[in-house]
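Chemist: Please find one structure pasted underneath; my questions will follow.
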Number of protein chains: 2
Amino acid sequence: MASIGHVTAQRMDFDEPLPLRSGAVLPAYSLVYETYGTLNAARSNAVLVCHALNASHHVAGTYEQQPHNVGWWDNLVGPGKPLDTDRLFVIGVNNPGSCFGSTGPMHVNPATGRVWGADFPVVTVEDWVDAQARLLTRLGIERLAAVLGGSLGGMQALAWTMRHPDRVDHCIAVATAPSLSAQNIAFNEVARRAIVTDPDFHGGHYHDHGVLPRRGLRVARMLGHITYLSDDAMDVKFGRRLRHGALAFTTQDIEFQIESYLRHQGDKFSDYFDANTYLLITRALDYFDPAAAHGGDLARAFAGAKRQRFLLVSFTTDWRFAPARSREIVKALVDNGIDVSYAEIDAPHGHDAFLLDDPRYHRVMAAYFDGIAARAGLPARARDV
Amino acid sequence: MASIGHVTAQRMDFDEPLPLRSGAVLPAYSLVYETYGTLNAARSNAVLVCHALNASHHVAGTYEQQPHNVGWWDNLVGPGKPLDTDRLFVIGVNNPGSCFGSTGPMHVNPATGRVWGADFPVVTVEDWVDAQARLLTRLGIERLAAVLGGSLGGMQALAWTMRHPDRVDHCIAVATAPSLSAQNIAFNEVARRAIVTDPDFHGGHYHDHGVLPRRGLRVARMLGHITYLSDDAMDVKFGRRLRHGALAFTTQDIEFQIESYLRHQGDKFSDYFDANTYLLITRALDYFDPAAAHGGDLARAFAGAKRQRFLLVSFTTDWRFAPARSREIVKALVDNGIDVSYAEIDAPHGHDAFLLDDPRYHRVMAAYFDGIAARAGLPARARDV
């Protein structure tokens with residue numbers, strides 16, 4: 001399969017404020033996005049990819065000056081790939097509140113002239129979907145052939161079918177859940193407390209103090225990584241292997257390779273991720289619960305989505321968003337008589353599997369997109385997957 | 001069942017240094033302990049209870065001035081209870097390195113006149129067992145009818161059968177593992193990083209600075225609590241219930257009851273637990289791996305334990321030390337032809353189940369101790385469980 005090659009991020013400015021679920025509004029804002037492939041004359045081949053916690057609009061390809069900065073779903077999106085850019089027009093957009101270019105807490109609040117910091121309004125999955133819908137309108141795309149995402153991105157894909165049911169034909173939600181469990185929220189809360197209680201956090205106005213709450217971000221990321229991997233995958237990859245071959249008997253230094261790996265991940269993350277964004281995005285995860293407005297009845301939440309088709313994909317060893325959570329969604333769709341396909345992939349990698357190049361997973365995605373293309377009257381794939 | 005009533009902690013001083021697995025030695029030290037019941041004339045009714053991470057020698061009963069300070073295994077130890085103090089002499093001992101009275105990092109290093117802090121030597125499960133054995137010798141107890149513990153306490157019980165096989169007749173190891181998995185170590189490491197990177201930690205010499213690394217301890221404890229409870233138990237107990245009935249849309253304040261619970265647990269813990277002890281005890285967990293000295297062959301680690309009888313107990317929803325880990329131990333014992341009983345209790349509470357009063361679990365324990373008593377020629381239980 002060919003790579004999509006060099007891509008360029010673009011930016012769209014919006015003057016009209018965005019009303020948010022919290023009751024607040026996001027004033028004038030910008031969205032950064034990328035597109036891959038060509039929008040056809042009928043504008044019937046657009047696919048929106050929604051990103052998860054620490055990802056961005058950079059879904060596929062590389063930047064000319066950054067050959068190693070490969071898009072996070074590059075293995076899925078490109079010429080001849082399951083999301084075949086020879087026939088699809090794929091859009092990745094960075095959500096507001098993020099720290100990768102779209103308006104977020106690192107930017108200046110026009111009302112105060114100060115960096116937003118902790119004053120950035122709380123954004124939800126539904127707000128992101130509304131912002132994405134506006135972007136598509138500006139791009140001249142009235143209707144999506146498909147919306148998709150994994151994890152938190154899957155929640156956005158689901159929300160699209162509820163908030164803008166007339167604008168989307170297919171929804172593909174991978175490794176996701178209809179809401180966080182108490183345990184999921186608990187992990188988020190520990191990560192947030194690590195950040196908020198870092199003395200360098202300064203109530204979220206660390207930019208005013210010229211510091212960054214790196215200690216908190218490191219702990220948050222280390223913890224996150226544990227929940228992305230399966231117990232078994234960790235045992236295979238690291239087990240109890242020592243870093244230096246023999247025990248040093250130390251409480252503060254590294255003994256085991258898994259410690260070294262986690263510290264490295266934490267250090268990297270604290271170099272590029274914004275702490276307020278981490279709080280906002282984990283809260284968006286916590287808040288997503290479309291059944292809540294319907295007395296806890298998830299089927300009723302999907303009652304307006306009868307003309308979409310759905311694909312749900314889960315991974316057997318994903319304990320963060322376990323297959324049982326995807327099955328809840330499948331059941332709610334079936335209860336509505338909605339067309340839904342479900343694949344439970346026997347993969348060892350835990351939640352991270354949705355980002356990996358598992359052949360069974362990718363065959364499911366490729367076959368489903370072949371069906372989407374056929375129904376949309378798009379050409380067959382010209383290249384082999 | 002009657003409570004054991006008021007108990008009194010005792011203390012024993014040891015002048016002879018304790019050689020440690022690391023190669024260091026612990027100079028003169030003290031152990032705090034409690035006993036329940038009466039040692040019989042034949043000294044054949046002694047049972048040692050080993051404690052886990054944040055527990056102590058205070059296994060049963062209450063203190064006269066602290067009626068709410070109930071021992072951590074009070075539901076298991078007392079007159080007519082599974083560990084029936086009408087016929088057994090039960091001993092609880094606080095391990096060195098702890099923060100509940102036995103010599104630990106909060107005490108003064110006699111060599112320097114300074115609080116030990118981070119200089120306290122690294123102690124292991126094997127070191128604790130050796131210290132416990134010395135205490136028993138001083139108490140005139142050559143041989144234990146049984147040694148038992150849950151979680152880290154279960155590791156100590158197992159180590160007894162390897163290090164002092166002639167001094168113990170029965171080993172009861174509950175909710176434990178033959179070693180930590182990579183995921184277990186990873187959780188410990190995140191907790192340690194939260195503590196060590198707290199600016200108030202001062203490299204472990206916070207006492208010299210008149211501060212305590214409470215922020216780190218809180219995060220560590222919050223994280224620990226998640227791993228003690230099952231996902232399902234958390235959903236039943238907290239679910240997605242809000243603290244104030246409606247969402248406030250806040251990233252730093254509490255929205256969900258689970259957050260409130262975890263913060264409360266973290267606050268309580270940071271009031272009474274010592275940070276250096278937390279590091280030491282999580283490292284003792286990490287280091288325990290009796291198979292390692294035998295090329296990873298756990299069966300060979302138990303080869304010297306042929307005359308003991310074992311009971312292993314696990315809980316179906318314990319994902320910290322899952323039943324599969326207990327089954328590894330059972331297999332290693334069976335491979336040696338050692339007498340082993342195994343109970344896998346269908347309990348909803350996760351790892352915490354070993355501390356709770358589950359009737360099936362307690363019936364297993366009571367029946368096993370009836371067998372111990374019969375083999376030791378002790379009287380039958382006079383009271384009903």
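In the structure tokens, each chain is lettered A, B, ... as it comes, each chain's residues begin at 1, and ligands are numbered from 1 in order of appearance.
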Counting only C-alpha atoms, which residues of chain B fall within 6 Å of chain A, and what is the closest atom pair for each with its distance in Å at one decimal, ordered by chain and rising number, as a tab-separated table?
Modeler:
```
residue	atom	partner	partner_atom	distance
B:Ala182	CA	A:Gly239	CA	5.0
B:Gln183	CA	A:Asp231	CA	5.6
B:Asp231	CA	A:Gln183	CA	5.6
B:Met234	CA	A:Ala182	CA	5.8
B:Asp235	CA	A:Ala182	CA	5.4
B:Gly239	CA	A:Ala182	CA	5.1
B:Arg240	CA	A:Ala182	CA	5.9
B:Thr251	CA	A:Leu279	CA	5.7
B:Leu279	CA	A:Thr251	CA	5.7
```
Chemist: Identify, on the basis of only C-alpha atoms, every residue whose closest approach to region 105-116 of chain A does not exceed 8 Å; exclude the query and any residue fewer than 3 positions from it along the same chain; express the result as a PyMOL selection string.
Modeler: chain A and resi 97-99+119-120+207-208+274+276-277
Chemist: Generate the output file for the selected residues, all heavy atoms, as a PDB file, in the first residue's frame.
Modeler:
```
ATOM      1  N   GLY A  97     -10.537  23.105  22.264  1.00  0.00           N
ATOM      2  CA  GLY A  97     -10.126  22.673  23.604  1.00  0.00           C
ATOM      3  C   GLY A  97      -8.852  21.862  23.567  1.00  0.00           C
ATOM      4  O   GLY A  97      -8.220  21.633  24.590  1.00  0.00           O
ATOM      5  N   SER A  98      -8.476  21.417  22.362  1.00  0.00           N
ATOM      6  CA  SER A  98      -7.266  20.617  22.201  1.00  0.00           C
ATOM      7  C   SER A  98      -6.037  21.532  22.226  1.00  0.00           C
ATOM      8  O   SER A  98      -6.143  22.748  22.416  1.00  0.00           O
ATOM      9  CB  SER A  98      -7.359  19.846  20.891  1.00  0.00           C
ATOM     10  OG  SER A  98      -6.208  19.075  20.675  1.00  0.00           O
ATOM     11  N   CYS A  99      -4.882  20.938  22.013  1.00  0.00           N
ATOM     12  CA  CYS A  99      -3.642  21.729  22.068  1.00  0.00           C
ATOM     13  C   CYS A  99      -2.817  21.532  20.805  1.00  0.00           C
ATOM     14  O   CYS A  99      -1.598  21.616  20.837  1.00  0.00           O
ATOM     15  CB  CYS A  99      -2.827  21.375  23.302  1.00  0.00           C
ATOM     16  SG  CYS A  99      -2.543  19.611  23.515  1.00  0.00           S
ATOM     17  N   ASP A 119      -9.746  28.963  32.320  1.00  0.00           N
ATOM     18  CA  ASP A 119     -11.022  29.624  32.019  1.00  0.00           C
ATOM     19  C   ASP A 119     -11.625  29.186  30.687  1.00  0.00           C
ATOM     20  O   ASP A 119     -12.726  29.622  30.340  1.00  0.00           O
ATOM     21  CB  ASP A 119     -10.827  31.153  31.996  1.00  0.00           C
ATOM     22  CG  ASP A 119     -10.399  31.671  33.354  1.00  0.00           C
ATOM     23  OD1 ASP A 119     -10.757  31.034  34.371  1.00  0.00           O
ATOM     24  OD2 ASP A 119      -9.691  32.709  33.399  1.00  0.00           O
ATOM     25  N   PHE A 120     -10.901  28.354  29.958  1.00  0.00           N
ATOM     26  CA  PHE A 120     -11.479  27.876  28.702  1.00  0.00           C
ATOM     27  C   PHE A 120     -12.767  27.129  29.012  1.00  0.00           C
ATOM     28  O   PHE A 120     -12.807  26.318  29.931  1.00  0.00           O
ATOM     29  CB  PHE A 120     -10.494  26.961  27.965  1.00  0.00           C
ATOM     30  CG  PHE A 120     -10.866  26.730  26.532  1.00  0.00           C
ATOM     31  CD1 PHE A 120     -10.491  27.643  25.560  1.00  0.00           C
ATOM     32  CD2 PHE A 120     -11.616  25.625  26.154  1.00  0.00           C
ATOM     33  CE1 PHE A 120     -10.834  27.451  24.223  1.00  0.00           C
ATOM     34  CE2 PHE A 120     -11.966  25.419  24.825  1.00  0.00           C
ATOM     35  CZ  PHE A 120     -11.579  26.338  23.863  1.00  0.00           C
ATOM     36  N   HIS A 207       0.569  29.342  32.584  1.00  0.00           N
ATOM     37  CA  HIS A 207       1.225  30.186  31.573  1.00  0.00           C
ATOM     38  C   HIS A 207       1.578  31.548  32.162  1.00  0.00           C
ATOM     39  O   HIS A 207       2.611  32.132  31.824  1.00  0.00           O
ATOM     40  CB  HIS A 207       0.323  30.357  30.349  1.00  0.00           C
ATOM     41  CG  HIS A 207       0.105  29.081  29.612  1.00  0.00           C
ATOM     42  ND1 HIS A 207       1.106  28.435  28.931  1.00  0.00           N
ATOM     43  CD2 HIS A 207      -0.995  28.314  29.467  1.00  0.00           C
ATOM     44  CE1 HIS A 207       0.637  27.318  28.392  1.00  0.00           C
ATOM     45  NE2 HIS A 207      -0.636  27.227  28.700  1.00  0.00           N
ATOM     46  N   ASP A 208       0.726  32.049  33.044  1.00  0.00           N
ATOM     47  CA  ASP A 208       1.001  33.344  33.683  1.00  0.00           C
ATOM     48  C   ASP A 208       2.242  33.283  34.565  1.00  0.00           C
ATOM     49  O   ASP A 208       2.823  34.317  34.895  1.00  0.00           O
ATOM     50  CB  ASP A 208      -0.190  33.772  34.561  1.00  0.00           C
ATOM     51  CG  ASP A 208      -1.453  34.002  33.744  1.00  0.00           C
ATOM     52  OD1 ASP A 208      -1.355  34.029  32.497  1.00  0.00           O
ATOM     53  OD2 ASP A 208      -2.528  34.154  34.350  1.00  0.00           O
ATOM     54  N   ASP A 274      -0.866  19.754  26.623  1.00  0.00           N
ATOM     55  CA  ASP A 274      -1.254  20.820  27.543  1.00  0.00           C
ATOM     56  C   ASP A 274      -2.109  20.260  28.687  1.00  0.00           C
ATOM     57  O   ASP A 274      -3.037  19.482  28.450  1.00  0.00           O
ATOM     58  CB  ASP A 274      -2.042  21.879  26.776  1.00  0.00           C
ATOM     59  CG  ASP A 274      -2.529  22.976  27.712  1.00  0.00           C
ATOM     60  OD1 ASP A 274      -1.667  23.641  28.318  1.00  0.00           O
ATOM     61  OD2 ASP A 274      -3.756  23.134  27.851  1.00  0.00           O
ATOM     62  N   ASN A 276      -4.316  21.770  30.751  1.00  0.00           N
ATOM     63  CA  ASN A 276      -5.738  22.122  30.734  1.00  0.00           C
ATOM     64  C   ASN A 276      -6.500  21.318  29.685  1.00  0.00           C
ATOM     65  O   ASN A 276      -7.661  20.939  29.903  1.00  0.00           O
ATOM     66  CB  ASN A 276      -5.922  23.623  30.478  1.00  0.00           C
ATOM     67  CG  ASN A 276      -5.586  24.446  31.699  1.00  0.00           C
ATOM     68  OD1 ASN A 276      -6.086  24.184  32.792  1.00  0.00           O
ATOM     69  ND2 ASN A 276      -4.723  25.446  31.532  1.00  0.00           N
ATOM     70  N   THR A 277      -5.851  21.059  28.568  1.00  0.00           N
ATOM     71  CA  THR A 277      -6.483  20.213  27.557  1.00  0.00           C
ATOM     72  C   THR A 277      -6.737  18.820  28.109  1.00  0.00           C
ATOM     73  O   THR A 277      -7.790  18.219  27.865  1.00  0.00           O
ATOM     74  CB  THR A 277      -5.606  20.148  26.289  1.00  0.00           C
ATOM     75  OG1 THR A 277      -5.636  21.426  25.654  1.00  0.00           O
ATOM     76  CG2 THR A 277      -6.105  19.098  25.315  1.00  0.00           C
TER      77      THR A 277
END
```
Chemist: Please, what distance in Å, to one decimal, runs between CA of Ala145 (chain B) and CA of Arg163 (chain B)?
Modeler: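 That distance, rounded to one decimal, is 15.9 Å.
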Chemist: DSSP on the backbone: which residues in region 18-260 of chain A end up as strand (DSSP E)? Give the answer as JSON, numbers by chain.
Modeler: {"A": [18, 19, 25, 26, 29, 30, 31, 32, 33, 34, 35, 36, 46, 47, 48, 49, 50, 77, 78, 83, 84, 89, 90, 91, 92, 93, 146, 147, 148, 149, 150, 170, 171, 172, 173, 174]}
Chemist: Create the file for the chosen residues now, containing N, CA, C and O atoms and written as a compact mmCIF listing (two decimals), in the first residue's frame.
Modeler:
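Below is the file that was written, selection-v7.txt:
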```txt
# COMPACT_ATOMS: atom_id res chain seq x y z
N LEU A 18 -19.94 29.51 19.29
CA LEU A 18 -20.48 28.15 19.34
C LEU A 18 -21.17 27.95 20.69
O LEU A 18 -20.50 27.99 21.74
N PRO A 19 -22.49 27.74 20.70
CA PRO A 19 -23.16 27.48 21.99
C PRO A 19 -22.75 26.10 22.49
O PRO A 19 -22.71 25.14 21.71
N VAL A 25 -20.68 29.82 25.92
CA VAL A 25 -20.42 29.84 24.49
C VAL A 25 -18.93 29.96 24.25
O VAL A 25 -18.21 30.55 25.05
N LEU A 26 -18.50 29.37 23.15
CA LEU A 26 -17.13 29.58 22.69
C LEU A 26 -17.19 30.71 21.68
O LEU A 26 -17.82 30.57 20.64
N TYR A 29 -13.66 31.33 16.99
CA TYR A 29 -12.69 30.25 17.18
C TYR A 29 -12.20 29.77 15.83
O TYR A 29 -12.78 30.09 14.78
N SER A 30 -11.12 29.01 15.87
CA SER A 30 -10.54 28.43 14.65
C SER A 30 -10.46 26.92 14.80
O SER A 30 -10.26 26.41 15.90
N LEU A 31 -10.59 26.23 13.68
CA LEU A 31 -10.38 24.78 13.66
C LEU A 31 -9.27 24.48 12.67
O LEU A 31 -9.24 25.03 11.56
N VAL A 32 -8.37 23.60 13.08
CA VAL A 32 -7.32 23.13 12.20
C VAL A 32 -7.73 21.76 11.69
O VAL A 32 -8.29 20.96 12.45
N TYR A 33 -7.51 21.51 10.41
CA TYR A 33 -7.97 20.24 9.84
C TYR A 33 -7.05 19.84 8.70
O TYR A 33 -6.23 20.62 8.22
N GLU A 34 -7.18 18.59 8.29
CA GLU A 34 -6.47 18.08 7.12
C GLU A 34 -7.47 17.30 6.27
O GLU A 34 -8.45 16.77 6.79
N THR A 35 -7.20 17.25 4.98
CA THR A 35 -8.03 16.42 4.11
C THR A 35 -7.13 15.55 3.25
O THR A 35 -5.99 15.92 2.94
N TYR A 36 -7.65 14.38 2.89
CA TYR A 36 -6.90 13.41 2.09
C TYR A 36 -7.83 12.90 0.99
O TYR A 36 -8.98 12.56 1.27
N ALA A 46 -17.40 12.02 1.21
CA ALA A 46 -16.70 12.60 2.36
C ALA A 46 -16.82 11.69 3.59
O ALA A 46 -17.89 11.18 3.90
N VAL A 47 -15.70 11.52 4.26
CA VAL A 47 -15.63 10.71 5.49
C VAL A 47 -14.92 11.54 6.55
O VAL A 47 -13.82 12.06 6.31
N LEU A 48 -15.54 11.66 7.71
CA LEU A 48 -14.95 12.42 8.80
C LEU A 48 -14.35 11.47 9.83
O LEU A 48 -15.02 10.54 10.28
N VAL A 49 -13.09 11.74 10.20
CA VAL A 49 -12.42 10.95 11.23
C VAL A 49 -12.31 11.81 12.50
O VAL A 49 -11.77 12.91 12.46
N CYS A 50 -12.85 11.29 13.60
CA CYS A 50 -12.83 12.02 14.89
C CYS A 50 -11.68 11.48 15.75
O CYS A 50 -11.48 10.27 15.83
N VAL A 77 -5.77 4.86 6.55
CA VAL A 77 -6.21 5.90 5.61
C VAL A 77 -5.13 6.16 4.57
O VAL A 77 -4.02 6.56 4.93
N GLY A 78 -5.45 5.95 3.31
CA GLY A 78 -4.48 6.20 2.25
C GLY A 78 -4.88 5.46 0.99
O GLY A 78 -5.88 4.73 0.98
N LEU A 83 -9.68 2.89 4.36
CA LEU A 83 -10.29 4.17 3.97
C LEU A 83 -9.48 4.67 2.76
O LEU A 83 -8.50 5.40 2.90
N ASP A 84 -9.94 4.23 1.60
CA ASP A 84 -9.17 4.36 0.37
C ASP A 84 -9.30 5.78 -0.17
O ASP A 84 -10.36 6.18 -0.68
N PHE A 89 -12.91 11.08 0.25
CA PHE A 89 -12.36 12.37 0.69
C PHE A 89 -12.43 12.36 2.21
O PHE A 89 -13.51 12.46 2.80
N VAL A 90 -11.27 12.18 2.83
CA VAL A 90 -11.22 11.97 4.27
C VAL A 90 -10.81 13.26 4.97
O VAL A 90 -9.87 13.93 4.52
N ILE A 91 -11.50 13.59 6.03
CA ILE A 91 -11.25 14.84 6.75
C ILE A 91 -10.89 14.51 8.20
O ILE A 91 -11.60 13.75 8.87
N GLY A 92 -9.80 15.08 8.68
CA GLY A 92 -9.46 15.01 10.10
C GLY A 92 -9.52 16.41 10.67
O GLY A 92 -9.02 17.35 10.05
N VAL A 93 -10.13 16.58 11.82
CA VAL A 93 -10.26 17.92 12.40
C VAL A 93 -9.87 17.89 13.87
O VAL A 93 -10.22 16.96 14.60
N ALA A 146 -19.59 8.71 5.72
CA ALA A 146 -19.34 8.02 7.00
C ALA A 146 -18.65 8.95 7.98
O ALA A 146 -17.90 9.85 7.59
N VAL A 147 -18.92 8.70 9.25
CA VAL A 147 -18.15 9.32 10.32
C VAL A 147 -17.59 8.18 11.15
O VAL A 147 -18.27 7.17 11.36
N LEU A 148 -16.34 8.32 11.59
CA LEU A 148 -15.77 7.22 12.37
C LEU A 148 -14.75 7.73 13.36
O LEU A 148 -14.23 8.86 13.24
N GLY A 149 -14.48 6.89 14.35
CA GLY A 149 -13.46 7.19 15.33
C GLY A 149 -13.31 6.03 16.29
O GLY A 149 -14.16 5.14 16.35
N GLY A 150 -12.20 6.05 17.03
CA GLY A 150 -11.95 5.03 18.05
C GLY A 150 -11.96 5.67 19.41
O GLY A 150 -11.60 6.85 19.56
N HIS A 170 -23.28 6.59 7.46
CA HIS A 170 -22.70 5.45 8.17
C HIS A 170 -21.91 5.94 9.37
O HIS A 170 -21.24 6.97 9.29
N CYS A 171 -21.97 5.15 10.43
CA CYS A 171 -21.22 5.47 11.65
C CYS A 171 -20.38 4.25 12.01
O CYS A 171 -20.92 3.15 12.16
N ILE A 172 -19.09 4.46 12.14
CA ILE A 172 -18.19 3.37 12.54
C ILE A 172 -17.53 3.77 13.86
O ILE A 172 -16.78 4.74 13.93
N ALA A 173 -17.87 3.04 14.91
CA ALA A 173 -17.38 3.36 16.26
C ALA A 173 -16.55 2.19 16.76
O ALA A 173 -17.04 1.08 16.91
N VAL A 174 -15.27 2.47 17.01
CA VAL A 174 -14.30 1.42 17.33
C VAL A 174 -13.86 1.57 18.79
O VAL A 174 -13.56 2.68 19.24
```
Chemist: From region 122-352 of chain A, collect each residue whose DSSP state is alpha helix (DSSP H) and return the set as a ChimeraX atom specification.
Modeler: /A:125-138,152-163,182-196,206-209,214-228,231-237,257-272,275-287,298-301,323-335
Chemist: Can you pull out every residue within 12 Å of Gln65 (chain B), counting only C-alpha atoms, but drop anything in the same chain fewer than 2 positions away, and send it as a list in words?
Modeler: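 Those residues are Gly5, His6, Val7, Thr8, Thr62, Tyr63, Pro67, His68, Asn69 and Val70 of chain B.
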